[in-house]
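Structure file upload_23.tsv with TSV, C-alpha atoms:
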chain	number	residue	atom	x	y	z
A	11	MET	CA	-20.98	-28.70	11.04
A	12	GLN	CA	-19.02	-29.45	14.18
A	13	THR	CA	-15.26	-29.14	14.47
A	14	SER	CA	-12.85	-29.99	17.25
A	15	THR	CA	-12.21	-27.62	20.11
A	16	CYS	CA	-9.49	-24.97	19.94
A	17	THR	CA	-6.20	-26.46	21.17
A	18	LYS	CA	-5.28	-23.15	22.82
A	19	CYS	CA	-8.34	-22.01	24.79
A	20	HIS	CA	-10.04	-25.45	24.95
A	21	ASN	CA	-13.29	-23.57	24.85
A	22	LYS	CA	-14.46	-22.50	21.39
A	23	TYR	CA	-14.70	-24.54	18.20
A	24	SER	CA	-11.62	-24.38	16.00
A	25	ILE	CA	-11.76	-22.88	12.52
A	26	TYR	CA	-8.12	-23.09	11.39
A	27	TYR	CA	-5.61	-25.92	11.35
A	28	ARG	CA	-1.83	-25.33	11.31
A	29	PRO	CA	-0.22	-28.44	9.82
A	30	TYR	CA	3.29	-27.34	10.89
A	31	SER	CA	2.42	-27.13	14.60
A	32	GLY	CA	-0.65	-29.35	14.88
A	33	GLU	CA	-2.66	-26.52	16.45
A	34	ARG	CA	-6.38	-26.15	15.79
A	35	LEU	CA	-7.43	-22.61	16.59
A	36	CYS	CA	-10.60	-20.63	17.10
A	37	SER	CA	-10.89	-17.21	15.51
A	38	GLN	CA	-9.78	-15.30	18.60
A	39	CYS	CA	-6.81	-17.54	19.41
A	40	PHE	CA	-5.70	-17.46	15.77
A	41	GLN	CA	-5.64	-13.66	15.76
A	42	ILE	CA	-3.92	-13.47	19.14
A	43	SER	CA	-1.31	-16.01	18.05
A	44	LEU	CA	-0.37	-13.89	15.03
A	45	LYS	CA	-0.02	-10.80	17.16
A	46	GLU	CA	2.12	-12.69	19.68
A	47	ARG	CA	4.34	-14.11	16.96
A	48	VAL	CA	4.94	-10.65	15.48
A	49	GLN	CA	5.70	-9.30	18.95
A	50	LYS	CA	8.17	-12.13	19.51
A	51	THR	CA	9.82	-11.54	16.13
A	52	ILE	CA	10.19	-7.83	16.93
A	53	ASN	CA	11.84	-8.69	20.24
A	54	ASN	CA	14.04	-11.51	18.92
A	55	TYR	CA	15.58	-9.33	16.25
A	56	HIS	CA	15.59	-6.10	18.30
A	57	MET	CA	13.57	-4.40	15.60
A	58	LEU	CA	12.08	-1.51	17.49
A	59	GLU	CA	12.99	0.92	20.19
A	60	HIS	CA	10.83	2.98	22.45
A	61	LYS	CA	9.16	5.89	20.63
A	62	ASP	CA	10.44	4.85	17.21
A	63	ARG	CA	8.83	6.57	14.26
A	64	ILE	CA	7.88	3.65	12.02
A	65	ALA	CA	7.17	3.97	8.31
A	66	VAL	CA	5.15	1.00	7.12
A	67	GLY	CA	5.34	0.19	3.42
A	68	ILE	CA	1.87	-0.83	2.29
A	69	SER	CA	0.87	-2.01	-1.12
A	70	GLY	CA	-2.83	-2.62	-0.48
A	71	GLY	CA	-2.38	-6.39	-0.49
A	72	LYS	CA	-3.33	-8.66	2.41
A	73	ASP	CA	0.24	-9.04	3.73
A	74	SER	CA	1.04	-5.37	4.18
A	75	LEU	CA	-2.47	-4.64	5.49
A	76	THR	CA	-2.03	-7.40	8.07
A	77	LEU	CA	1.34	-5.91	9.00
A	78	LEU	CA	-0.20	-2.46	9.41
A	79	HIS	CA	-3.07	-3.77	11.57
A	80	LEU	CA	-0.83	-5.88	13.81
A	81	LEU	CA	1.86	-3.23	14.23
A	82	ASN	CA	-0.79	-0.65	15.01
A	83	GLN	CA	-2.19	-2.87	17.78
A	84	ILE	CA	1.21	-3.79	19.19
A	85	GLU	CA	2.57	-0.26	19.18
A	86	ASP	CA	-0.63	1.13	20.69
A	87	GLN	CA	-0.24	-1.20	23.65
A	88	THR	CA	3.51	-1.18	24.19
A	89	HIS	CA	6.12	1.06	22.66
A	90	GLY	CA	3.99	4.12	22.06
A	91	SER	CA	5.73	4.63	18.73
A	92	GLU	CA	4.25	6.48	15.82
A	93	ILE	CA	3.20	4.77	12.61
A	94	ILE	CA	3.06	6.37	9.16
A	95	ALA	CA	1.99	4.43	6.09
A	96	ILE	CA	3.96	4.77	2.86
A	97	THR	CA	2.56	3.55	-0.42
A	98	VAL	CA	4.37	3.50	-3.74
A	99	ASP	CA	2.56	4.11	-7.00
A	100	GLU	CA	4.66	2.47	-9.72
A	101	GLY	CA	2.16	3.44	-12.39
A	102	ILE	CA	0.56	0.10	-13.20
A	103	VAL	CA	-2.92	0.81	-14.52
A	104	ASN	CA	-5.83	-0.95	-12.76
A	105	TYR	CA	-3.62	-3.01	-10.42
A	106	ARG	CA	-2.15	-0.07	-8.52
A	107	ASP	CA	-5.26	2.14	-8.87
A	108	GLU	CA	-7.37	-0.46	-7.06
A	109	ALA	CA	-4.68	-1.01	-4.42
A	110	ILE	CA	-4.38	2.68	-3.61
A	111	LEU	CA	-8.12	2.93	-2.96
A	112	ILE	CA	-7.80	0.04	-0.47
A	113	VAL	CA	-4.77	1.68	1.18
A	114	GLU	CA	-6.58	5.03	1.53
A	115	LYS	CA	-9.65	3.39	3.05
A	116	THR	CA	-7.58	1.32	5.51
A	117	CYS	CA	-5.47	4.26	6.68
A	118	LYS	CA	-8.58	6.36	7.16
A	119	ASN	CA	-10.22	3.61	9.23
A	120	LEU	CA	-7.11	3.18	11.38
A	121	ASP	CA	-6.47	6.93	11.56
A	122	ILE	CA	-2.94	6.52	10.22
A	123	GLU	CA	-1.16	9.19	8.15
A	124	LEU	CA	-0.56	8.08	4.57
A	125	VAL	CA	2.25	9.28	2.30
A	126	LYS	CA	2.17	8.43	-1.42
A	127	ILE	CA	5.31	8.23	-3.52
A	128	LYS	CA	5.04	8.04	-7.31
A	129	PHE	CA	7.62	6.53	-9.68
A	130	ASN	CA	6.67	9.22	-12.15
A	131	ASP	CA	7.72	11.97	-9.73
A	132	LEU	CA	10.95	10.25	-8.69
A	133	PHE	CA	12.13	8.74	-11.97
A	134	ASN	CA	10.02	10.47	-14.66
A	135	LEU	CA	8.74	7.05	-15.71
A	136	THR	CA	6.01	4.62	-14.80
A	137	ILE	CA	6.41	0.84	-14.87
A	138	ASP	CA	3.84	0.65	-17.68
A	139	GLU	CA	6.05	3.00	-19.74
A	140	PHE	CA	9.16	0.99	-18.84
A	141	ASN	CA	7.45	-2.12	-20.09
A	142	LEU	CA	6.75	-0.67	-23.53
A	143	LYS	CA	10.40	0.06	-24.26
A	144	ASN	CA	13.43	-2.17	-24.89
A	145	ARG	CA	15.14	-3.46	-21.80
A	146	THR	CA	17.79	-5.96	-20.80
A	147	LEU	CA	16.27	-7.16	-17.52
A	148	SER	CA	12.85	-8.43	-16.49
A	149	ILE	CA	10.38	-5.73	-15.54
A	150	CYS	CA	10.32	-7.11	-11.96
A	151	SER	CA	14.07	-6.47	-11.65
A	152	TYR	CA	13.62	-2.79	-12.50
A	153	CYS	CA	10.52	-2.49	-10.35
A	154	GLY	CA	12.15	-4.10	-7.32
A	155	VAL	CA	15.16	-1.77	-7.32
A	156	LEU	CA	13.07	1.35	-7.95
A	157	ARG	CA	10.49	0.38	-5.30
A	158	ARG	CA	13.21	-0.01	-2.69
A	159	ARG	CA	14.51	3.45	-3.54
A	160	ALA	CA	10.97	4.90	-3.50
A	161	LEU	CA	10.17	3.38	-0.10
A	162	ASN	CA	13.42	4.67	1.32
A	163	GLU	CA	12.68	8.14	-0.04
A	164	GLY	CA	9.21	8.00	1.53
A	165	ALA	CA	10.60	6.87	4.87
A	166	LYS	CA	13.24	9.62	4.83
A	167	LYS	CA	10.60	12.18	3.89
A	168	VAL	CA	8.65	11.43	7.09
A	169	SER	CA	11.86	11.22	9.19
A	170	ALA	CA	11.21	7.59	10.05
A	171	ASP	CA	13.60	5.62	12.29
A	172	LYS	CA	12.50	2.27	10.85
A	173	LEU	CA	10.86	1.08	7.65
A	174	ALA	CA	8.65	-1.98	8.14
A	175	THR	CA	7.81	-4.13	5.13
A	176	GLY	CA	5.24	-6.91	4.74
A	177	HIS	CA	7.59	-9.75	3.81
A	178	THR	CA	5.99	-13.02	4.87
A	179	LEU	CA	7.56	-16.39	5.64
A	180	ASP	CA	6.80	-17.44	2.06
A	181	ASP	CA	8.71	-14.42	0.70
A	182	MET	CA	11.68	-15.15	2.94
A	183	ALA	CA	11.82	-18.86	2.05
A	184	GLN	CA	11.49	-18.03	-1.66
A	185	THR	CA	14.28	-15.45	-1.49
A	186	ALA	CA	16.51	-17.86	0.43
A	187	LEU	CA	16.03	-20.51	-2.23
A	188	LEU	CA	16.45	-18.07	-5.11
A	189	ASN	CA	19.73	-16.84	-3.65
A	190	LEU	CA	20.93	-20.44	-3.48
A	191	LEU	CA	19.75	-21.25	-7.00
A	192	ARG	CA	21.49	-18.15	-8.33
A	193	GLY	CA	24.61	-18.93	-6.31
A	194	ASP	CA	24.49	-15.59	-4.54
A	195	ILE	CA	25.24	-16.23	-0.87
A	196	THR	CA	26.17	-12.58	-0.22
A	197	LYS	CA	22.57	-11.57	-0.86
A	198	MET	CA	21.47	-13.72	2.10
A	199	GLN	CA	22.23	-10.76	4.34
A	200	SER	CA	19.13	-8.98	3.00
A	201	LEU	CA	17.07	-11.71	4.71
A	202	TYR	CA	18.07	-10.57	8.19
A	203	PRO	CA	14.68	-9.52	9.65
A	204	GLY	CA	16.07	-6.76	11.86
A	205	GLY	CA	17.77	-5.00	8.95
A	206	ILE	CA	21.14	-3.30	8.88
A	207	LYS	CA	21.98	0.22	9.98
A	208	GLN	CA	23.52	2.04	7.04
A	209	LYS	CA	23.98	5.74	6.51
A	210	GLY	CA	21.45	7.09	4.02
A	211	PHE	CA	19.10	4.16	4.43
A	212	VAL	CA	16.21	3.94	6.84
A	213	GLN	CA	16.67	0.63	8.68
A	214	ARG	CA	14.34	-1.97	7.19
A	215	ILE	CA	12.54	-4.43	9.43
A	216	LYS	CA	10.35	-7.41	8.55
A	217	PRO	CA	7.99	-8.02	11.48
A	218	ILE	CA	5.76	-10.61	9.76
A	219	CYS	CA	8.64	-12.71	8.39
A	220	GLU	CA	7.56	-15.69	10.54
A	221	ILE	CA	3.96	-15.67	9.29
A	222	PRO	CA	2.97	-17.82	6.31
A	223	GLU	CA	0.97	-16.15	3.55
A	224	LYS	CA	-1.94	-18.51	4.15
A	225	GLU	CA	-2.21	-17.03	7.63
A	226	THR	CA	-2.04	-13.38	6.57
A	227	THR	CA	-4.82	-14.29	4.13
A	228	PHE	CA	-6.93	-15.93	6.81
A	229	TYR	CA	-6.30	-12.98	9.13
A	230	ALA	CA	-7.41	-10.61	6.35
A	231	PHE	CA	-10.57	-12.70	5.95
A	232	LEU	CA	-11.35	-12.61	9.67
A	233	GLU	CA	-10.71	-8.86	9.81
A	234	LYS	CA	-12.85	-8.38	6.69
A	235	PHE	CA	-10.16	-6.54	4.72
A	236	ASP	CA	-10.86	-5.59	1.12
A	237	PHE	CA	-9.02	-7.98	-1.19
A	238	GLN	CA	-7.21	-6.82	-4.31
A	239	SER	CA	-8.82	-8.43	-7.33
A	240	TYR	CA	-6.22	-7.36	-9.89
A	241	GLN	CA	-2.93	-9.21	-9.81
A	242	CYS	CA	0.22	-7.54	-11.04
A	243	PRO	CA	0.23	-7.96	-14.85
A	244	TYR	CA	4.00	-8.43	-14.83
A	245	SER	CA	4.27	-10.97	-12.02
A	246	GLU	CA	4.37	-13.98	-14.34
A	247	GLU	CA	7.83	-12.95	-15.52
A	248	ALA	CA	9.54	-13.76	-12.26
A	249	MET	CA	11.55	-16.91	-11.53
A	250	ARG	CA	10.06	-16.46	-8.08
A	251	ASN	CA	6.77	-17.96	-9.30
A	252	ASP	CA	8.37	-21.33	-9.98
A	253	THR	CA	10.08	-21.25	-6.60
A	254	ARG	CA	6.79	-20.34	-4.90
A	255	THR	CA	4.92	-23.25	-6.44
A	256	TRP	CA	7.68	-25.71	-5.57
A	257	LEU	CA	7.87	-24.50	-1.97
A	258	LEU	CA	4.08	-24.72	-1.59
A	259	GLU	CA	4.17	-28.32	-2.81
A	260	MET	CA	6.97	-29.15	-0.39
A	261	GLU	CA	5.16	-27.44	2.49
A	262	GLU	CA	2.04	-29.47	1.71
A	263	LYS	CA	4.01	-32.72	1.85
A	264	ARG	CA	6.35	-31.76	4.68
A	265	PRO	CA	4.77	-29.07	6.88
A	266	GLY	CA	7.27	-26.66	8.40
A	267	ILE	CA	9.74	-26.77	5.52
A	268	MET	CA	9.40	-23.03	4.84
A	269	PHE	CA	10.46	-22.25	8.41
A	270	THR	CA	13.43	-24.60	8.01
A	271	CYS	CA	14.43	-23.04	4.70
A	272	PHE	CA	14.28	-19.50	6.10
A	273	HIS	CA	16.05	-20.28	9.39
A	274	THR	CA	18.79	-22.22	7.60
A	275	ALA	CA	19.33	-19.28	5.25
A	276	LEU	CA	19.77	-16.99	8.26
A	277	LYS	CA	22.62	-19.23	9.40
A	278	LEU	CA	24.27	-18.77	5.99
A	279	ILE	CA	24.51	-15.00	6.33
A	280	PRO	CA	28.21	-14.18	6.20
A	281	ASN	CA	29.60	-13.14	9.60
A	282	LYS	CA	31.18	-10.06	8.14
A	283	ILE	CA	28.26	-8.09	6.76
A	284	ASP	CA	29.16	-5.98	3.76
A	285	LYS	CA	28.77	-2.42	4.88
A	286	ASN	CA	31.15	-0.99	2.32
A	287	GLN	CA	29.48	2.21	1.34
A	288	LEU	CA	30.13	4.97	-1.14
A	289	ILE	CA	28.06	7.81	-2.47
A	290	CYS	CA	26.67	7.56	-6.00
A	291	ASP	CA	28.54	10.00	-8.26
A	292	LYS	CA	25.34	10.80	-10.09
A	293	CYS	CA	22.48	11.11	-7.57
A	294	GLY	CA	24.34	11.35	-4.27
A	295	GLU	CA	22.46	8.41	-2.74
A	296	PRO	CA	24.32	5.68	-0.81
A	297	SER	CA	25.84	3.06	-3.09
A	298	SER	CA	28.19	0.09	-2.97
A	299	SER	CA	29.94	1.26	-6.15
A	300	LYS	CA	30.66	4.47	-8.09
A	301	PHE	CA	27.09	4.58	-9.38
A	302	CYS	CA	24.08	3.25	-7.48
A	303	ARG	CA	21.91	0.45	-8.88
A	304	VAL	CA	19.07	2.86	-9.68
A	305	CYS	CA	21.32	5.16	-11.76
A	306	GLN	CA	22.94	2.17	-13.49
A	307	MET	CA	19.53	0.79	-14.46
A	308	LEU	CA	18.16	4.10	-15.67
A	309	ASP	CA	21.34	4.82	-17.66
A	310	ASP	CA	21.27	1.40	-19.33
A	311	TYR	CA	17.61	1.83	-20.13
A	312	ASN	CA	18.15	5.29	-21.63
A	313	LYS	CA	21.13	4.08	-23.71
A	314	ILE	CA	19.01	1.31	-25.27
A	315	ASN	CA	16.00	3.47	-25.95
A	316	PHE	CA	17.20	6.99	-26.78
B	13	MET	CA	-28.97	-28.64	-1.43
B	14	ASP	CA	-27.44	-25.38	-2.67
B	15	ILE	CA	-23.97	-24.01	-2.17
B	16	GLU	CA	-22.95	-20.43	-2.81
B	17	ILE	CA	-19.31	-19.90	-3.71
B	18	LYS	CA	-17.81	-16.46	-3.14
B	19	LEU	CA	-14.48	-15.59	-4.74
B	20	PHE	CA	-12.13	-13.02	-3.19
B	21	GLY	CA	-8.88	-11.65	-4.54
B	22	SER	CA	-7.43	-12.27	-7.99
B	23	ILE	CA	-9.41	-15.50	-8.40
B	24	ASN	CA	-12.56	-13.56	-9.19
B	25	ARG	CA	-10.89	-11.89	-12.19
B	26	ILE	CA	-9.62	-15.28	-13.35
B	27	ALA	CA	-13.09	-16.81	-13.00
B	28	GLY	CA	-14.77	-13.74	-14.51
B	29	THR	CA	-17.28	-13.63	-11.65
B	30	LYS	CA	-17.44	-13.11	-7.89
B	31	ASN	CA	-20.10	-15.74	-7.22
B	32	PHE	CA	-21.28	-19.17	-8.26
B	33	ILE	CA	-24.28	-21.11	-7.04
B	34	PHE	CA	-24.45	-24.87	-7.51
B	35	THR	CA	-27.03	-27.44	-6.57
B	36	LEU	CA	-25.34	-30.52	-5.16
B	37	ASN	CA	-26.39	-34.08	-4.40
B	38	GLU	CA	-26.44	-35.17	-0.77
B	39	GLY	CA	-23.05	-36.57	0.21
B	40	SER	CA	-21.10	-34.36	-2.22
B	41	LYS	CA	-17.57	-33.48	-1.19
B	42	ILE	CA	-15.38	-30.41	-1.71
B	43	ILE	CA	-13.45	-32.28	-4.43
B	44	ASP	CA	-16.71	-32.81	-6.36
B	45	LEU	CA	-17.39	-29.11	-6.15
B	46	ILE	CA	-13.88	-28.30	-7.37
B	47	ASN	CA	-14.45	-30.49	-10.41
B	48	MET	CA	-17.74	-28.71	-11.11
B	49	LEU	CA	-16.01	-25.33	-10.80
B	50	ILE	CA	-13.26	-26.34	-13.22
B	51	GLN	CA	-15.84	-27.51	-15.72
B	52	LYS	CA	-17.60	-24.17	-15.47
B	53	ALA	CA	-14.41	-22.06	-15.52
B	54	PRO	CA	-11.42	-24.12	-16.78
B	55	LYS	CA	-8.94	-21.32	-16.00
B	56	LEU	CA	-9.54	-21.99	-12.31
B	57	LYS	CA	-7.77	-25.36	-12.44
B	58	ASN	CA	-4.38	-23.77	-11.85
B	59	GLU	CA	-5.66	-21.79	-8.87
B	60	LEU	CA	-7.70	-24.56	-7.24
B	61	ILE	CA	-5.72	-27.72	-7.60
B	62	ASP	CA	-2.99	-27.90	-10.24
B	63	PRO	CA	-0.29	-28.56	-9.13
B	64	ILE	CA	-1.16	-27.10	-5.73
B	65	PRO	CA	-4.07	-24.97	-4.40
B	66	LYS	CA	-3.33	-21.25	-4.44
B	67	VAL	CA	-6.49	-20.36	-2.55
B	68	LEU	CA	-7.86	-21.01	0.92
B	69	PHE	CA	-11.15	-22.91	1.00
B	70	ILE	CA	-13.42	-21.73	3.81
B	71	LEU	CA	-16.59	-23.76	4.25
B	72	ASN	CA	-19.21	-22.09	6.44
B	73	GLY	CA	-16.46	-20.11	8.19
B	74	VAL	CA	-14.05	-23.03	8.69
B	75	GLU	CA	-10.86	-23.56	6.67
B	76	ILE	CA	-11.24	-27.01	5.16
B	77	LYS	CA	-7.88	-28.33	6.41
B	78	ASN	CA	-9.50	-28.09	9.83
B	79	LEU	CA	-12.21	-30.41	8.51
B	80	ASN	CA	-11.34	-33.23	6.16
B	81	GLY	CA	-9.65	-31.29	3.36
B	82	PHE	CA	-10.95	-32.02	-0.13
B	83	GLU	CA	-12.79	-35.07	1.25
B	84	THR	CA	-14.97	-32.87	3.47
B	85	LYS	CA	-18.65	-33.66	2.95
B	86	ILE	CA	-20.94	-30.71	2.35
B	87	ILE	CA	-24.02	-30.96	4.50
B	88	GLY	CA	-27.09	-28.82	3.84
B	89	ASP	CA	-27.17	-25.38	2.21
B	90	SER	CA	-23.68	-23.95	2.57
B	91	GLU	CA	-21.31	-21.14	1.72
B	92	LEU	CA	-17.77	-21.69	0.41
B	93	ILE	CA	-15.33	-18.80	0.27
B	94	LEU	CA	-12.28	-19.00	-1.98
B	95	LEU	CA	-9.45	-16.62	-1.08
B	96	SER	CA	-6.37	-16.16	-3.25
B	97	PHE	CA	-3.24	-16.17	-1.13
B	98	THR	CA	-0.39	-16.16	-3.64
B	99	HIS	CA	-1.16	-12.82	-5.27
B	100	GLY	CA	-1.56	-9.33	-3.95
B	101	GLY	CA	0.84	-9.40	-1.02

Have the structure of the file written as structure tokens, please.
Amino acid sequence: MQTSTCTKCHNKYSIYYRPYSGERLCSQCFQISLKERVQKTINNYHMLEHKDRIAVGISGGKDSLTLLHLLNQIEDQTHGSEIIAITVDEGIVNYRDEAILIVEKTCKNLDIELVKIKFNDLFNLTIDEFNLKNRTLSICSYCGVLRRRALNEGAKKVSADKLATGHTLDDMAQTALLNLLRGDITKMQSLYPGGIKQKGFVQRIKPICEIPEKETTFYAFLEKFDFQSYQCPYSEEAMRNDTRTWLLEMEEKRPGIMFTCFHTALKLIPNKIDKNQLICDKCGEPSSSKFCRVCQMLDDYNKINF
Amino acid sequence: MDIEIKLFGSINRIAGTKNFIFTLNEGSKIIDLINMLIQKAPKLKNELIDPIPKVLFILNGVEIKNLNGFETKIIGDSELILLSFTHGG
């Protein structure tokens, strides 16, 4: 089976076609191009500084493993920063158990320190337990808020300067669209890839935000990563799934639309970023109101169930 | 000719297996294979084609968009890898 020559090196046979750019790439040029794009994203959004201590949130999925691999390569060659992996165990039987084994194996292979944070230790509850009780919101809404808190706790625990997450281009385009559909323009500020400096929060950065999920997947295949076979049992609840399918269809018909969606959303971020910050009366964590979102959720949940 | 299909990611739980082997007629295309797969494991329809593929198709190491997509002809004994990309980020 013969394919056309790589449009970058003009030497080897291509194995991957990028409809949005017209490039046909060989294995080596594909991998280099991802690394270069992440490097460019880091520079464009001033994500990292020399000798930063970077906590990398990894779930065990292909996106966060790709992030860890690429950051590890980039930082080894340039900044000389330190990388520590943080993984959150929400307590989802099978799904998370399998993922943690993958995370442990990857960190061992890359010789990266791994810190595990458990929902059960932080909140005295697992997501499986949450799911069995009455609740007013979807399980993904609880999980999202608690995961963010858990990752921040993990990053603070290791005295990290930055917290890198594996949000891909698909995630960013989906979030942009969801914010529009829900009429919540103020939330667009969370899309800013370089994050916001706020007291009490480790600055979050999204170095792979310009990489489509198909490409993190192909990278994972080329690097022979272990793939998670369990999917999150609760993922079907999210409105995000409908948005994902619609965006994939649009991208198929009009390549590049995810980039457009994400970049347009960045232009919609209000000039005056909301940095209004208080301290939660209950837990002492940073909050935008009297009680933080985590305490509000846990209180509501306890009121309904106990 | 024979084709071995290897499933990676959540698609193998949906299919209930990590491998399939099919014997194909000369001149068969990827789309023919997809139809055979759906007949064998109907739950795969949503992942493979309906309304949009949620897996990458890699034929003998090449992603099929770099060939002729679903119209790609399978020549000789081959290996097709199916990789889920929408789950497990």

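The space separating CA of Leu278 in chain A from CA of Arg192 in chain A comes to 14.6 Å.
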
Around all the atoms of range 139-142 of chain A listed in the file, draw an axis-aligned box and extend it by 8 Å on each of the six sides; I want its centre and edge lengths in Å to one decimal, as lines of an AutoDock Vina configuration file.
center_x = 7.6
center_y = 0.4
center_z = -21.2
size_x = 19.1
size_y = 21.1
size_z = 20.7

Find the residues near Ser239 in chain A: any atom within 8 Å, counting all atoms listed in the file, skip ones fewer than 4 places away on the same chain, and give them as a ChimeraX atom specification. /B:20-25

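With only C-alpha atoms taken into account, every residue lying no more than 10 Å from the file point (6.2, 2.3, 20.0) is included here: Leu58, Glu59, His60, Lys61, Asp62, Arg63, Ile64, Leu81, Asn82, Ile84, Glu85, Asp86, Gln87, Thr88, His89, Gly90, Ser91, Glu92 and Ile93 of chain A.
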
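CA of Leu232 in chain A sits 20.8 Å away from CA of Tyr30 in chain A.
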
Emit range 110-128 of chain A of the structure in the block as a file comprising N, CA and C atoms, as a PDB file, in the first residue's frame.
ATOM      1  N   ILE A 110      -5.905   4.457  36.871  1.00  0.00           N
ATOM      2  CA  ILE A 110      -4.806   4.679  37.817  1.00  0.00           C
ATOM      3  C   ILE A 110      -3.635   3.719  37.535  1.00  0.00           C
ATOM      4  N   LEU A 111      -3.954   2.513  37.121  1.00  0.00           N
ATOM      5  CA  LEU A 111      -2.877   1.573  36.754  1.00  0.00           C
ATOM      6  C   LEU A 111      -2.069   2.130  35.571  1.00  0.00           C
ATOM      7  N   ILE A 112      -2.778   2.701  34.598  1.00  0.00           N
ATOM      8  CA  ILE A 112      -2.109   3.284  33.421  1.00  0.00           C
ATOM      9  C   ILE A 112      -1.247   4.473  33.852  1.00  0.00           C
ATOM     10  N   VAL A 113      -1.792   5.316  34.727  1.00  0.00           N
ATOM     11  CA  VAL A 113      -1.068   6.500  35.210  1.00  0.00           C
ATOM     12  C   VAL A 113       0.218   6.065  35.934  1.00  0.00           C
ATOM     13  N   GLU A 114       0.084   5.067  36.804  1.00  0.00           N
ATOM     14  CA  GLU A 114       1.257   4.604  37.583  1.00  0.00           C
ATOM     15  C   GLU A 114       2.349   4.078  36.649  1.00  0.00           C
ATOM     16  N   LYS A 115       1.923   3.293  35.668  1.00  0.00           N
ATOM     17  CA  LYS A 115       2.892   2.712  34.731  1.00  0.00           C
ATOM     18  C   LYS A 115       3.599   3.815  33.932  1.00  0.00           C
ATOM     19  N   THR A 116       2.814   4.781  33.448  1.00  0.00           N
ATOM     20  CA  THR A 116       3.381   5.873  32.640  1.00  0.00           C
ATOM     21  C   THR A 116       4.376   6.694  33.445  1.00  0.00           C
ATOM     22  N   CYS A 117       3.997   7.056  34.666  1.00  0.00           N
ATOM     23  CA  CYS A 117       4.884   7.892  35.493  1.00  0.00           C
ATOM     24  C   CYS A 117       6.169   7.141  35.821  1.00  0.00           C
ATOM     25  N   LYS A 118       6.032   5.844  36.045  1.00  0.00           N
ATOM     26  CA  LYS A 118       7.230   5.042  36.341  1.00  0.00           C
ATOM     27  C   LYS A 118       8.157   5.034  35.115  1.00  0.00           C
ATOM     28  N   ASN A 119       7.577   4.827  33.938  1.00  0.00           N
ATOM     29  CA  ASN A 119       8.381   4.801  32.705  1.00  0.00           C
ATOM     30  C   ASN A 119       9.077   6.136  32.447  1.00  0.00           C
ATOM     31  N   LEU A 120       8.373   7.229  32.760  1.00  0.00           N
ATOM     32  CA  LEU A 120       8.943   8.559  32.487  1.00  0.00           C
ATOM     33  C   LEU A 120       9.750   9.098  33.674  1.00  0.00           C
ATOM     34  N   ASP A 121       9.755   8.329  34.767  1.00  0.00           N
ATOM     35  CA  ASP A 121      10.455   8.733  35.982  1.00  0.00           C
ATOM     36  C   ASP A 121       9.925  10.082  36.501  1.00  0.00           C
ATOM     37  N   ILE A 122       8.604  10.160  36.584  1.00  0.00           N
ATOM     38  CA  ILE A 122       7.946  11.377  37.065  1.00  0.00           C
ATOM     39  C   ILE A 122       7.223  11.054  38.379  1.00  0.00           C
ATOM     40  N   GLU A 123       7.391  11.937  39.364  1.00  0.00           N
ATOM     41  CA  GLU A 123       6.720  11.753  40.660  1.00  0.00           C
ATOM     42  C   GLU A 123       5.206  11.826  40.475  1.00  0.00           C
ATOM     43  N   LEU A 124       4.505  10.936  41.145  1.00  0.00           N
ATOM     44  CA  LEU A 124       3.039  10.904  41.033  1.00  0.00           C
ATOM     45  C   LEU A 124       2.401  11.135  42.404  1.00  0.00           C
ATOM     46  N   VAL A 125       1.424  12.046  42.433  1.00  0.00           N
ATOM     47  CA  VAL A 125       0.670  12.306  43.664  1.00  0.00           C
ATOM     48  C   VAL A 125      -0.791  11.971  43.400  1.00  0.00           C
ATOM     49  N   LYS A 126      -1.367  11.143  44.294  1.00  0.00           N
ATOM     50  CA  LYS A 126      -2.780  10.759  44.117  1.00  0.00           C
ATOM     51  C   LYS A 126      -3.650  11.485  45.137  1.00  0.00           C
ATOM     52  N   ILE A 127      -4.763  12.008  44.655  1.00  0.00           N
ATOM     53  CA  ILE A 127      -5.705  12.699  45.533  1.00  0.00           C
ATOM     54  C   ILE A 127      -7.056  11.981  45.424  1.00  0.00           C
ATOM     55  N   LYS A 128      -7.605  11.614  46.570  1.00  0.00           N
ATOM     56  CA  LYS A 128      -8.874  10.870  46.548  1.00  0.00           C
ATOM     57  C   LYS A 128     -10.044  11.745  47.013  1.00  0.00           C
TER      58      LYS A 128
END
